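start25.cif (mmCIF, C-alpha atoms) appears below.
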```
data_final
loop_
_atom_site.label_atom_id
_atom_site.label_comp_id
_atom_site.auth_asym_id
_atom_site.auth_seq_id
_atom_site.Cartn_x
_atom_site.Cartn_y
_atom_site.Cartn_z
CA MET A 1 19.48 9.79 -18.98
CA LYS A 2 22.92 10.03 -17.40
CA PRO A 3 24.34 6.61 -16.44
CA ARG A 4 25.05 7.70 -12.86
CA ARG A 5 21.45 8.79 -12.35
CA VAL A 6 20.15 5.53 -13.79
CA ASN A 7 22.42 3.52 -11.51
CA ARG A 8 21.30 5.54 -8.49
CA LEU A 9 17.64 4.97 -9.32
CA CYS A 10 18.20 1.24 -9.83
CA ARG A 11 20.00 0.97 -6.48
CA LEU A 12 17.07 2.69 -4.80
CA LEU A 13 14.66 0.27 -6.44
CA MET A 14 16.67 -2.77 -5.40
CA THR A 15 17.10 -1.48 -1.86
CA SER A 16 13.31 -1.31 -1.74
CA ALA A 17 13.28 -5.11 -2.06
CA LEU A 18 14.41 -5.16 1.55
CA ALA A 19 11.02 -3.78 2.48
CA CYS A 20 8.62 -5.50 0.10
CA GLY A 21 8.36 -8.78 1.91
CA LEU A 22 11.39 -10.44 0.31
CA LEU A 23 13.58 -10.32 3.40
CA SER A 24 13.23 -11.14 7.04
CA SER A 25 14.64 -10.06 10.36
CA GLN A 26 13.97 -11.45 13.84
CA LEU A 27 10.30 -12.39 14.07
CA LEU A 28 8.39 -10.87 16.94
CA ALA A 29 6.69 -12.37 19.97
CA ASP A 30 4.47 -9.40 20.91
CA THR A 31 1.37 -8.96 18.74
CA SER A 32 0.60 -5.34 19.67
CA PRO A 33 1.94 -2.73 17.23
CA SER A 34 3.59 0.29 18.80
CA PRO A 35 1.86 3.70 18.57
CA GLU A 36 4.59 4.70 16.13
CA VAL A 37 3.74 1.81 13.79
CA LEU A 38 0.03 2.52 14.00
CA ALA A 39 0.70 6.17 13.18
CA LYS A 40 2.72 5.11 10.15
CA VAL A 41 -0.12 2.85 8.97
CA SER A 42 -2.61 5.68 9.29
CA ARG A 43 -0.39 8.17 7.49
CA LEU A 44 0.58 5.79 4.70
CA SER A 45 -3.04 4.74 4.18
CA HIS A 46 -3.80 8.33 3.18
CA VAL A 47 -0.67 8.51 1.01
CA LEU A 48 -1.68 5.33 -0.77
CA GLU A 49 -5.25 6.52 -1.32
CA LYS A 50 -3.90 9.64 -3.02
CA MET A 51 -1.40 7.68 -5.14
CA ARG A 52 -3.89 5.02 -6.17
CA GLY A 53 -6.95 7.25 -6.54
CA GLU A 54 -9.05 4.92 -4.38
CA THR A 55 -10.16 5.01 -0.75
CA PHE A 56 -10.19 2.26 1.84
CA LEU A 57 -13.68 1.03 2.60
CA LYS A 58 -12.59 0.56 6.22
CA PRO A 59 -9.38 0.81 8.27
CA VAL A 60 -6.97 -2.13 8.05
CA ASP A 61 -6.29 -4.13 11.22
CA VAL A 62 -2.59 -4.47 11.99
CA GLU A 63 -0.82 -7.00 14.20
CA LEU A 64 2.72 -8.15 14.88
CA GLN A 65 3.13 -11.88 14.54
CA SER A 66 5.25 -14.51 16.28
CA THR A 67 7.48 -17.04 14.57
CA GLU A 68 5.18 -19.91 15.53
CA ALA A 69 2.05 -18.15 14.23
CA PHE A 70 3.72 -17.30 10.94
CA ARG A 71 4.95 -20.87 10.44
CA ALA A 72 1.41 -22.09 11.04
CA TYR A 73 0.11 -19.65 8.41
CA VAL A 74 2.73 -20.81 5.90
CA GLU A 75 1.87 -24.47 6.51
CA LYS A 76 -1.84 -23.77 6.07
CA THR A 77 -1.22 -21.83 2.85
CA LEU A 78 1.03 -24.54 1.43
CA GLU A 79 -1.50 -27.23 2.28
CA GLN A 80 -4.03 -25.34 0.17
CA ALA A 81 -1.73 -24.63 -2.78
CA TYR A 82 0.53 -27.69 -2.59
CA PRO A 83 -1.07 -30.67 -0.82
CA LYS A 84 1.61 -33.21 0.09
CA ALA A 85 0.80 -35.69 -2.68
CA ARG A 86 0.74 -32.94 -5.31
CA ALA A 87 3.97 -31.42 -3.99
CA ARG A 88 5.75 -34.80 -4.17
CA ALA A 89 4.55 -35.36 -7.72
CA GLN A 90 5.49 -31.85 -8.82
CA SER A 91 8.92 -32.22 -7.18
CA ALA A 92 9.49 -35.36 -9.25
CA ALA A 93 8.44 -33.59 -12.46
CA MET A 94 10.67 -30.58 -11.82
CA GLU A 95 13.54 -32.95 -10.99
CA ALA A 96 13.00 -34.66 -14.36
CA PHE A 97 13.41 -31.26 -16.06
CA GLY A 98 16.51 -30.50 -14.00
CA LEU A 99 14.76 -27.55 -12.36
CA LEU A 100 15.13 -29.11 -8.90
CA PRO A 101 17.98 -31.23 -7.48
CA LYS A 102 17.48 -34.96 -7.09
CA GLY A 103 15.33 -35.79 -4.08
CA TYR A 104 14.40 -32.13 -3.47
CA ASP A 105 11.32 -31.60 -1.31
CA LEU A 106 9.43 -28.77 -3.04
CA ARG A 107 7.05 -28.12 -0.19
CA LYS A 108 9.82 -27.98 2.42
CA GLY A 109 11.84 -25.74 0.13
CA LEU A 110 8.95 -23.32 -0.26
CA ARG A 111 8.24 -23.36 3.47
CA ASP A 112 11.86 -22.61 4.37
CA LEU A 113 12.03 -19.90 1.73
CA PHE A 114 8.88 -18.13 2.92
CA VAL A 115 9.80 -18.33 6.59
CA SER A 116 13.35 -17.06 6.04
CA GLN A 117 12.52 -14.35 3.51
CA ALA A 118 9.14 -12.88 4.46
CA GLY A 119 8.99 -9.46 6.09
CA ALA A 120 5.24 -8.87 6.28
CA TYR A 121 2.05 -10.05 4.66
CA TYR A 122 -1.63 -9.27 4.29
CA SER A 123 -4.13 -12.09 4.89
CA PRO A 124 -7.32 -11.80 2.80
CA GLU A 125 -8.88 -14.56 4.89
CA ASP A 126 -8.94 -12.61 8.16
CA LYS A 127 -8.50 -9.12 6.64
CA LYS A 128 -5.38 -8.32 8.68
CA PHE A 129 -1.94 -6.94 7.90
CA TYR A 130 0.77 -8.81 9.82
CA ILE A 131 4.21 -7.34 10.47
CA LEU A 132 6.95 -9.91 10.98
CA MET A 133 9.71 -7.42 11.70
CA ASN A 134 9.61 -4.09 13.40
CA ASN A 135 13.20 -2.88 13.35
CA LEU A 136 13.89 -1.63 9.83
CA PRO A 137 15.01 1.95 9.12
CA ASP A 138 12.08 4.33 8.72
CA ASP A 139 12.25 4.56 4.92
CA GLN A 140 12.24 0.78 4.47
CA MET A 141 9.56 0.32 7.12
CA ASP A 142 7.39 2.85 5.32
CA ALA A 143 7.85 1.00 2.03
CA LEU A 144 6.96 -2.34 3.63
CA ILE A 145 3.80 -0.91 5.17
CA LEU A 146 2.71 0.79 1.96
CA HIS A 147 3.25 -2.42 -0.02
CA GLU A 148 1.08 -4.50 2.30
CA LEU A 149 -1.55 -1.78 2.59
CA GLU A 150 -1.90 -1.95 -1.18
CA HIS A 151 -2.74 -5.65 -0.84
CA ALA A 152 -5.42 -4.67 1.67
CA LEU A 153 -6.75 -2.09 -0.78
CA GLN A 154 -6.74 -4.70 -3.54
CA ASP A 155 -8.72 -6.99 -1.29
CA GLN A 156 -11.31 -4.38 -0.36
CA ARG A 157 -11.78 -3.35 -3.99
CA HIS A 158 -11.36 -6.62 -5.86
CA GLY A 159 -11.73 -9.49 -3.38
CA LEU A 160 -8.35 -11.23 -3.15
CA ALA A 161 -9.77 -14.24 -1.30
CA ARG A 162 -12.08 -14.95 -4.25
CA LEU A 163 -9.29 -14.43 -6.78
CA ARG A 164 -7.02 -16.78 -4.85
CA ALA A 165 -9.76 -19.38 -4.54
CA ASP A 166 -10.36 -19.22 -8.29
CA ALA A 167 -6.62 -19.63 -8.90
CA LEU A 168 -6.37 -22.61 -6.56
CA ALA A 169 -9.31 -24.23 -8.33
CA ASN A 170 -7.40 -23.97 -11.62
CA PRO A 171 -4.91 -26.86 -11.94
CA ASN A 172 -2.82 -24.93 -14.49
CA GLU A 173 0.33 -23.81 -12.67
CA ASP A 174 1.11 -21.10 -15.21
CA THR A 175 -2.30 -19.46 -14.85
CA ARG A 176 -2.03 -19.65 -11.07
CA GLY A 177 1.39 -18.06 -11.18
CA ALA A 178 0.19 -15.17 -13.34
CA LEU A 179 -2.08 -13.95 -10.52
CA GLY A 180 0.98 -13.51 -8.29
CA PHE A 181 2.60 -11.30 -10.94
CA LEU A 182 -0.53 -9.13 -10.91
CA MET A 183 -0.98 -8.74 -7.16
CA GLU A 184 2.69 -8.35 -6.23
CA GLY A 185 3.51 -6.32 -9.30
CA GLU A 186 0.98 -3.59 -8.52
CA ALA A 187 2.00 -3.36 -4.86
CA THR A 188 5.69 -3.18 -5.81
CA TYR A 189 5.04 -0.52 -8.46
CA LEU A 190 3.33 1.76 -5.95
CA MET A 191 5.90 1.04 -3.25
CA LEU A 192 8.82 1.88 -5.52
CA LYS A 193 7.22 5.09 -6.76
CA TYR A 194 6.67 6.13 -3.16
CA GLN A 195 10.18 5.33 -2.01
CA LEU A 196 11.75 7.08 -4.98
CA ARG A 197 9.72 10.21 -4.21
CA GLN A 198 10.91 10.10 -0.61
CA ALA A 199 14.46 9.97 -1.94
CA GLY A 200 13.85 12.98 -4.18
CA GLN A 201 13.60 10.97 -7.40
CA ASP A 202 10.08 11.30 -8.80
CA LEU A 203 9.56 8.59 -11.39
CA ASP A 204 6.60 10.44 -12.92
CA LEU A 205 8.80 13.43 -13.77
CA LEU A 206 11.12 11.37 -15.96
CA PRO A 207 10.43 11.20 -19.72
CA PRO A 208 8.58 8.03 -20.77
CA GLU A 209 11.71 6.41 -22.15
CA GLY A 210 13.53 7.16 -18.89
CA ARG A 211 10.81 5.58 -16.75
CA ASP A 212 10.72 2.56 -19.00
CA PHE A 213 14.49 2.14 -18.96
CA VAL A 214 14.82 2.35 -15.19
CA LEU A 215 12.00 -0.09 -14.44
CA LYS A 216 12.98 -2.49 -17.22
CA THR A 217 16.59 -2.48 -16.01
CA THR A 218 15.48 -3.27 -12.48
CA ALA A 219 13.15 -6.04 -13.64
CA GLY A 220 15.93 -7.59 -15.72
CA MET A 221 18.68 -7.75 -13.11
CA GLY A 222 20.53 -11.02 -12.68
CA ARG A 223 20.48 -13.17 -9.57
CA ARG A 224 24.00 -12.27 -8.42
CA THR A 225 23.34 -8.54 -8.84
CA ILE A 226 20.05 -8.78 -6.93
CA ILE A 227 21.66 -10.50 -3.94
CA MET A 228 24.74 -8.25 -3.87
CA THR A 229 22.72 -5.03 -4.22
CA SER A 230 20.21 -6.05 -1.57
CA ARG A 231 22.93 -7.05 0.89
CA ALA A 232 24.73 -3.76 0.28
CA GLY A 233 21.52 -1.83 0.97
CA ALA A 234 20.88 -3.48 4.33
CA PRO A 235 21.11 -1.23 7.41
CA ARG A 236 24.03 -1.45 9.80
CA GLY A 237 23.96 -3.36 13.06
CA LYS A 238 22.14 -6.53 14.08
CA GLU A 239 19.15 -5.96 11.80
CA GLY A 240 21.41 -5.55 8.78
CA ASP A 241 23.40 -8.65 9.71
CA GLU A 242 20.18 -10.68 9.78
CA ILE A 243 19.10 -9.34 6.40
CA ARG A 244 22.50 -10.05 4.86
CA ALA A 245 22.36 -13.57 6.26
CA ALA A 246 18.91 -14.06 4.73
CA MET A 247 20.20 -12.90 1.35
CA LYS A 248 23.22 -15.20 1.65
CA ALA A 249 20.83 -18.10 2.19
CA LEU A 250 19.21 -17.30 -1.18
CA LYS A 251 22.43 -18.32 -2.95
CA ASP A 252 21.58 -22.00 -2.45
CA VAL A 253 17.91 -21.77 -3.48
CA PRO A 254 17.15 -23.44 -6.85
CA ASP A 255 16.47 -21.03 -9.69
CA LEU A 256 12.89 -22.26 -9.93
CA LEU A 257 12.16 -21.04 -6.40
CA PHE A 258 14.35 -17.93 -6.56
CA TRP A 259 12.75 -16.55 -9.71
CA GLY A 260 9.35 -17.78 -8.58
CA LEU A 261 9.81 -15.48 -5.58
CA TYR A 262 11.50 -12.51 -7.25
CA ASP A 263 9.89 -12.16 -10.68
CA PRO A 264 6.26 -11.63 -9.58
CA TYR A 265 7.44 -8.54 -7.70
CA PHE A 266 9.68 -6.91 -10.29
CA LYS A 267 8.67 -8.31 -13.66
CA GLY A 268 5.10 -7.96 -12.41
CA MET A 269 5.93 -4.36 -11.51
CA TYR A 270 7.07 -3.67 -15.07
CA ALA A 271 3.86 -5.16 -16.48
CA ILE A 272 1.78 -2.91 -14.21
CA HIS A 273 3.89 0.08 -15.24
CA LYS A 274 3.23 -0.59 -18.93
CA THR A 275 -0.46 -1.15 -18.28
CA PHE A 276 -0.67 2.11 -16.33
CA GLU A 277 1.13 3.98 -19.10
CA ARG A 278 -1.40 2.59 -21.58
CA GLY A 279 -4.63 3.32 -19.71
CA GLY A 280 -4.03 4.64 -16.19
CA TRP A 281 -5.48 3.00 -13.08
CA PRO A 282 -8.71 1.95 -14.86
CA ALA A 283 -6.60 -0.31 -17.09
CA VAL A 284 -4.89 -1.78 -14.02
CA ASP A 285 -8.25 -2.30 -12.29
CA ALA A 286 -9.46 -4.18 -15.36
CA LEU A 287 -6.71 -6.76 -14.81
CA PHE A 288 -8.30 -7.71 -11.49
CA THR A 289 -11.69 -8.03 -13.16
CA HIS A 290 -10.16 -10.10 -15.96
CA PRO A 291 -6.93 -11.62 -14.56
CA PRO A 292 -4.10 -12.67 -16.88
CA GLU A 293 -4.39 -16.19 -18.24
CA SER A 294 -0.64 -16.82 -18.46
CA THR A 295 2.72 -15.58 -17.26
CA GLU A 296 3.40 -14.80 -20.94
CA MET A 297 1.00 -11.86 -20.62
CA MET A 298 2.84 -10.46 -17.61
CA LEU A 299 6.23 -10.91 -19.27
CA HIS A 300 4.90 -9.16 -22.40
CA PRO A 301 2.40 -6.54 -21.10
CA GLU A 302 1.23 -5.63 -24.60
CA LYS A 303 -0.49 -9.04 -24.64
CA LEU A 304 -2.70 -7.94 -21.74
CA ALA A 305 -4.51 -5.45 -23.97
CA ASP A 306 -7.72 -6.51 -25.70
CA PRO A 307 -7.95 -8.60 -27.75
CA ARG A 308 -5.67 -10.74 -25.63
CA ASP A 309 -3.20 -13.23 -27.05
CA LEU A 310 -4.66 -16.28 -25.32
CA PRO A 311 -2.47 -19.39 -25.05
CA GLN A 312 -3.47 -22.71 -26.51
CA THR A 313 -4.44 -25.51 -24.15
CA LEU A 314 -3.00 -28.89 -25.13
CA ALA A 315 -4.72 -32.19 -24.44
CA LEU A 316 -2.74 -35.20 -23.18
CA PRO A 317 -2.92 -38.06 -25.68
CA ASP A 318 -3.67 -41.63 -24.60
CA VAL A 319 -0.14 -42.48 -23.48
CA GLY A 320 -1.30 -45.15 -21.05
CA ARG A 321 -2.72 -47.26 -23.89
CA ILE A 322 0.77 -47.53 -25.38
CA LEU A 323 2.75 -47.84 -22.15
CA GLY A 324 0.58 -50.49 -20.52
CA GLU A 325 -0.23 -51.24 -16.88
CA ASP A 326 3.37 -51.16 -15.69
CA TRP A 327 3.47 -47.39 -16.11
CA ARG A 328 1.52 -44.75 -14.18
CA LEU A 329 1.06 -41.02 -14.67
CA VAL A 330 2.86 -39.14 -11.85
CA TYR A 331 2.08 -35.55 -12.77
CA SER A 332 1.04 -33.40 -15.72
CA ASN A 333 0.88 -29.62 -16.07
CA THR A 334 2.12 -26.55 -17.94
CA LEU A 335 5.48 -24.80 -17.50
CA GLY A 336 4.36 -21.58 -19.17
CA GLU A 337 6.71 -19.00 -20.65
CA HIS A 338 8.10 -18.11 -17.23
CA GLY A 339 8.98 -21.73 -16.51
CA VAL A 340 10.45 -22.22 -19.99
CA ARG A 341 12.58 -19.13 -19.52
CA ILE A 342 13.91 -20.36 -16.17
CA LEU A 343 14.73 -23.73 -17.74
CA LEU A 344 16.60 -22.26 -20.70
CA ASN A 345 18.33 -19.63 -18.55
CA ALA A 346 20.25 -22.45 -16.89
CA GLN A 347 22.14 -22.65 -20.19
CA SER A 348 22.16 -19.02 -21.31
CA LYS A 349 20.23 -16.06 -19.90
CA ALA A 350 20.04 -14.25 -23.25
CA LYS A 351 19.02 -17.42 -25.06
CA GLY A 352 16.44 -18.24 -22.41
CA ARG A 353 14.74 -14.88 -22.84
CA THR A 354 14.68 -14.81 -26.64
CA ALA A 355 13.97 -18.51 -27.23
CA SER A 356 10.96 -18.49 -24.91
CA GLU A 357 9.29 -15.36 -26.30
CA GLY A 358 7.19 -17.07 -28.95
CA TRP A 359 5.56 -19.47 -26.46
CA ASP A 360 1.88 -20.17 -27.17
CA GLY A 361 1.20 -23.13 -24.90
CA ASP A 362 2.77 -26.31 -23.53
CA LEU A 363 1.97 -29.52 -21.70
CA TYR A 364 4.29 -31.94 -19.91
CA ALA A 365 3.65 -35.34 -18.34
CA LEU A 366 5.86 -37.50 -16.13
CA TYR A 367 5.31 -41.27 -16.03
CA GLU A 368 6.93 -43.83 -13.72
CA GLY A 369 7.52 -47.43 -14.76
CA PRO A 370 9.24 -50.60 -13.57
CA ASN A 371 12.26 -50.19 -11.28
CA LYS A 372 11.36 -46.51 -10.84
CA SER A 373 12.29 -45.71 -14.44
CA THR A 374 10.77 -42.44 -15.66
CA LEU A 375 9.44 -41.05 -18.90
CA LEU A 376 9.15 -37.29 -19.39
CA LEU A 377 6.94 -36.09 -22.25
CA TRP A 378 6.77 -32.43 -23.23
CA TRP A 379 4.83 -30.82 -26.04
CA SER A 380 4.85 -27.09 -26.85
CA VAL A 381 3.22 -24.91 -29.49
CA TRP A 382 4.66 -21.60 -30.68
CA ASP A 383 3.43 -18.43 -32.34
CA SER A 384 5.22 -19.28 -35.58
CA ASP A 385 7.46 -21.87 -37.18
CA HIS A 386 10.36 -19.45 -36.66
CA ASP A 387 9.65 -19.22 -32.92
CA ALA A 388 9.42 -23.01 -32.70
CA GLN A 389 12.77 -23.31 -34.49
CA ALA A 390 14.40 -20.88 -32.04
CA PHE A 391 13.11 -22.89 -29.09
CA PHE A 392 14.06 -26.19 -30.72
CA SER A 393 17.62 -24.93 -31.26
CA ALA A 394 17.92 -23.74 -27.66
CA LEU A 395 16.58 -27.04 -26.35
CA ASP A 396 18.80 -29.04 -28.71
CA GLY A 397 21.81 -27.10 -27.48
CA MET A 398 21.18 -27.85 -23.80
CA ARG A 399 23.97 -29.95 -22.32
CA LYS A 400 23.29 -29.66 -18.58
CA GLY A 401 20.66 -31.50 -16.58
CA PRO A 402 18.55 -34.58 -17.30
CA ILE A 403 17.07 -33.16 -20.52
CA GLY A 404 20.44 -32.09 -21.91
CA ARG A 405 22.34 -33.94 -24.60
CA LYS A 406 24.26 -36.07 -22.11
CA GLN A 407 21.59 -38.43 -20.85
CA PRO A 408 21.82 -40.57 -17.70
CA GLU A 409 22.65 -44.22 -18.31
CA GLY A 410 19.67 -46.09 -19.71
CA SER A 411 17.94 -42.90 -20.86
CA HIS A 412 17.37 -41.44 -24.32
CA ARG A 413 16.17 -38.05 -25.54
CA PHE A 414 13.89 -37.59 -28.55
CA LEU A 415 13.49 -34.06 -29.92
CA ASP A 416 11.38 -33.04 -32.91
CA GLN A 417 9.98 -29.92 -34.54
CA SER A 418 7.00 -30.01 -36.86
CA GLY A 419 5.93 -26.53 -37.95
CA ALA A 420 5.00 -24.56 -34.84
CA PHE A 421 4.98 -27.71 -32.69
CA VAL A 422 7.95 -29.03 -30.66
CA THR A 423 8.06 -32.44 -28.98
CA MET A 424 10.57 -33.65 -26.41
CA MET A 425 10.65 -37.08 -24.75
CA VAL A 426 13.21 -38.40 -22.28
CA GLY A 427 13.20 -41.97 -20.94
CA PRO A 428 14.19 -45.58 -21.67
CA PRO A 429 15.09 -45.87 -25.40
CA GLU A 430 12.53 -48.56 -26.21
CA ILE A 431 9.74 -46.65 -24.46
CA VAL A 432 10.65 -43.36 -26.12
CA GLN A 433 10.54 -45.10 -29.48
CA LYS A 434 7.03 -46.39 -28.74
CA VAL A 435 5.57 -43.00 -27.89
CA SER A 436 7.65 -40.76 -30.17
CA ALA A 437 4.84 -40.47 -32.72
CA LEU A 438 2.34 -39.14 -30.17
CA ARG A 439 1.27 -35.53 -30.44
CA ALA A 440 -0.71 -33.47 -27.97
CA LEU A 441 -3.41 -31.55 -29.84
CA PRO A 442 -4.89 -28.13 -29.04
CA ARG A 443 -8.10 -28.56 -27.07
CA SER A 444 -9.10 -24.90 -27.39
CA GLU A 445 -7.55 -21.50 -27.93
CA ALA A 446 -8.21 -20.31 -24.39
CA ARG A 447 -7.97 -21.71 -20.93
#
```

Structure translated into structure tokens:
Amino acid sequence: MKPRRVNRLCRLLMTSALACGLLSSQLLADTSPSPEVLAKVSRLSHVLEKMRGETFLKPVDVELQSTEAFRAYVEKTLEQAYPKARARAQSAAMEAFGLLPKGYDLRKGLRDLFVSQAGAYYSPEDKKFYILMNNLPDDQMDALILHELEHALQDQRHGLARLRADALANPNEDTRGALGFLMEGEATYLMLKYQLRQAGQDLDLLPPEGRDFVLKTTAGMGRRTIIMTSRAGAPRGKEGDEIRAAMKALKDVPDLLFWGLYDPYFKGMYAIHKTFERGGWPAVDALFTHPPESTEMMLHPEKLADPRDLPQTLALPDVGRILGEDWRLVYSNTLGEHGVRILLNAQSKAKGRTASEGWDGDLYALYEGPNKSTLLLWWSVWDSDHDAQAFFSALDGMRKGPIGRKQPEGSHRFLDQSGAFVTMMVGPPEIVQKVSALRALPRSEAR
């Protein structure tokens, strides 16, 4: 493909981010959609049915929503996914990794991010599509509507409320995150195909290598490029000023939240594209019947095909027996390949991608002891000894943050590789020495 054509396609795809729920304009007070909006919803419902090869079981209710109502929805959703005690504990764990600044309030950060960046959403609980802004240019408004209508179609065909409930019941953060890649990825894939067609660039008419290159390039864009391209694609006038201001605000969002917001849309989109290329819409439908077990599968779509490459689940050893009563477990979970990639990308984007690719499972645990001292334990298992060595080298080379080589005063880092297993511990030297021999063992080969 000619470079200019590729660049034009990528700009169109990134401009579409303005309309896929990543950006926000002035939220509305009136809840009644205009006849023009309702006509768009009706027209785009038929367009989507033709694109997706499925029909709506019933029309989708549409409302405009006020700032106050949307904030209430965000608070309710966060209370379900991140109860306050869990959010505080997870904030502390992510701070120990250096993924969040010291004292960062994860729940508040997520709330502010959602409120400032959301453009529209579909609620599986009350089966309604809510529009939070009504003043985008027609092409971007169409893309926003089509994206959210696809969520409604997903719900009618696959039951999103049940899928979300199942995800919330699973304590594994990586498995929960993988569902977002699936739902947002499919909606973004359809939205981008639609918007490209409207711009006279039919993705389906490109050769397979051309389609793959364009979508993979878009999914792999860096943070600075994403923000600059999206700001440049904003419309003129007040609405564009608000969108550019929203994108500017993203500059200060921690990488963990930024990529947690962005990647499910565009890396999820690429996974859906590869799944569709492999088996059409039946293969995509099968992902909703059998959702991905890890973000690894969505980052490497070939691992979604049967038989799946299921991650190993690691069991926390009896750390408390060694630490004693003065120490308590604050939080324990799994970073997953997506989390590992974000962590390593803080040092080197290329290294973060390649050194995380052999991930096969991980488990971390944060303990708090006397005088608020902390102990971070992290075990990971890799597809091969070579993959473990690549990760070990990347981790050993980290200099920034609390798990880098330069430790805070009174803290020590222990790092070890044994075959396909890598252990990292960060905490008071005498405590690290006590627990350094501990190993988390695989509990099973599937979650």

Nearest to A:Ser380: which of A:Glu409, A:Glu325, A:Asp212, A:Asp416 is it, counting all atoms listed in the file?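 Among A:Glu409, A:Glu325, A:Asp212, A:Asp416, it is A:Asp416 that comes nearest to A:Ser380.
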
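Straight-line separation from atom CA of A:Leu57 to atom CA of A:Phe288: 17.4 Å.
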
Stretch 419-431 of chain A: which residues within 6 Å, counting only C-alpha atoms, same-chain residues fewer than 2 positions away excluded, as a PyMOL selection string? chain A and resi 374-382+384-385+388+410-417+433-434

Contacts of stretch 173-180 of chain A at 10 Å or less, counting all atoms listed in the file, minus same-chain residues fewer than 2 places along, as a PyMOL selection string? chain A and resi 81+163-164+166-171+182-186+260-261+263-265+268+287-288+291-299+333-339+361-362+447

Show me a table, sorted first by chain and then by increasing residue number, of the residues of stretch 28-123 of chain A having an atom at most 10 Å from stretch 146-158 of chain A, each with its shortest atom pair and the distance in Å to one decimal, counting all atoms listed in the file and written as a Markdown table.
```
| residue | atom | partner | partner_atom | distance |
| --- | --- | --- | --- | --- |
| A:Lys40 | CA | A:Leu146 | CA | 9.3 |
| A:Val41 | CA | A:Leu146 | CA | 7.8 |
| A:Arg43 | CA | A:Leu146 | CA | 9.7 |
| A:Leu44 | CA | A:Leu146 | CA | 6.1 |
| A:Ser45 | CA | A:Leu149 | CA | 6.9 |
| A:Val47 | CA | A:Leu146 | CA | 8.5 |
| A:Leu48 | CA | A:Leu146 | CA | 6.9 |
| A:Glu49 | CA | A:Leu153 | CA | 8.8 |
| A:Arg52 | CA | A:Glu150 | CA | 8.8 |
| A:Glu54 | CA | A:Leu153 | CA | 8.2 |
| A:Thr55 | CA | A:Leu153 | CA | 7.9 |
| A:Phe56 | CA | A:Leu153 | CA | 6.1 |
| A:Leu57 | CA | A:Gln156 | CA | 6.6 |
| A:Lys58 | CA | A:Gln156 | CA | 8.3 |
| A:Pro59 | CA | A:Ala152 | CA | 9.4 |
| A:Val60 | CA | A:Ala152 | CA | 7.0 |
| A:Asp61 | CA | A:Ala152 | CA | 9.6 |
| A:Val62 | CA | A:Leu149 | CA | 9.8 |
| A:Ala120 | CA | A:Glu148 | CA | 7.2 |
| A:Tyr121 | CA | A:Glu148 | CA | 6.1 |
| A:Tyr122 | CA | A:Glu148 | CA | 5.8 |
| A:Ser123 | CA | A:Ala152 | CA | 8.2 |
```

Could you tell me which residues the PyMOL selection byres ((chain A and resi 252) around 12) returns for this structure, as an mmCIF file with C-alpha atoms, keeping the file's coordinate frame?
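So out-v4.cif came out as:
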```cif
data_model
loop_
_atom_site.group_PDB
_atom_site.id
_atom_site.type_symbol
_atom_site.label_atom_id
_atom_site.label_comp_id
_atom_site.auth_asym_id
_atom_site.auth_seq_id
_atom_site.Cartn_x
_atom_site.Cartn_y
_atom_site.Cartn_z
ATOM 1 C CA LEU A 100 15.130 -29.110 -8.900
ATOM 2 C CA PRO A 101 17.980 -31.230 -7.480
ATOM 3 C CA GLY A 109 11.840 -25.740 0.130
ATOM 4 C CA ASP A 112 11.860 -22.610 4.370
ATOM 5 C CA LEU A 113 12.030 -19.900 1.730
ATOM 6 C CA ARG A 223 20.480 -13.170 -9.570
ATOM 7 C CA ARG A 224 24.000 -12.270 -8.420
ATOM 8 C CA ILE A 227 21.660 -10.500 -3.940
ATOM 9 C CA ALA A 246 18.910 -14.060 4.730
ATOM 10 C CA MET A 247 20.200 -12.900 1.350
ATOM 11 C CA LYS A 248 23.220 -15.200 1.650
ATOM 12 C CA ALA A 249 20.830 -18.100 2.190
ATOM 13 C CA LEU A 250 19.210 -17.300 -1.180
ATOM 14 C CA LYS A 251 22.430 -18.320 -2.950
ATOM 15 C CA VAL A 253 17.910 -21.770 -3.480
ATOM 16 C CA PRO A 254 17.150 -23.440 -6.850
ATOM 17 C CA ASP A 255 16.470 -21.030 -9.690
ATOM 18 C CA LEU A 256 12.890 -22.260 -9.930
ATOM 19 C CA LEU A 257 12.160 -21.040 -6.400
ATOM 20 C CA PHE A 258 14.350 -17.930 -6.560
#
```

Atom pair atom CA of A:Glu125 / atom CA of A:Trp259: separation (Å): 26.2 Å

Looking at all atoms listed in the file, which of A:Arg107, A:Lys216, A:Arg211, A:His386 is the one that sits closest to A:Ser91?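 Residue with the minimum atom-to-atom distance to A:Ser91: A:Arg107.
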
Stretch 180-195 of chain A: axis-aligned bounding box, 4 Å on each side, centre and edge lengths in Å, one decimal, as AutoDock Vina command-line options:
```
--center_x 4.6 --center_y -3.7 --center_z -6.5 --size_x 19.2 --size_y 27.6 --size_z 16.9
```

So how far away is atom CA of A:Tyr262 from atom CA of A:Thr225, in Å?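 Atom-to-atom, atom CA of A:Thr225 and atom CA of A:Tyr262 are spaced 12.6 Å apart.
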
With distances taken over all atoms listed in the file, which of A:Lys406, A:Asp326, A:Leu106, A:Leu190 is nearest to A:Trp281? A:Leu190

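For the choices A:Thr67, A:Arg86, A:Asn172, A:Ser34, the atom-to-atom distance to A:Asn134 is smallest for A:Ser34 when using all atoms listed in the file.
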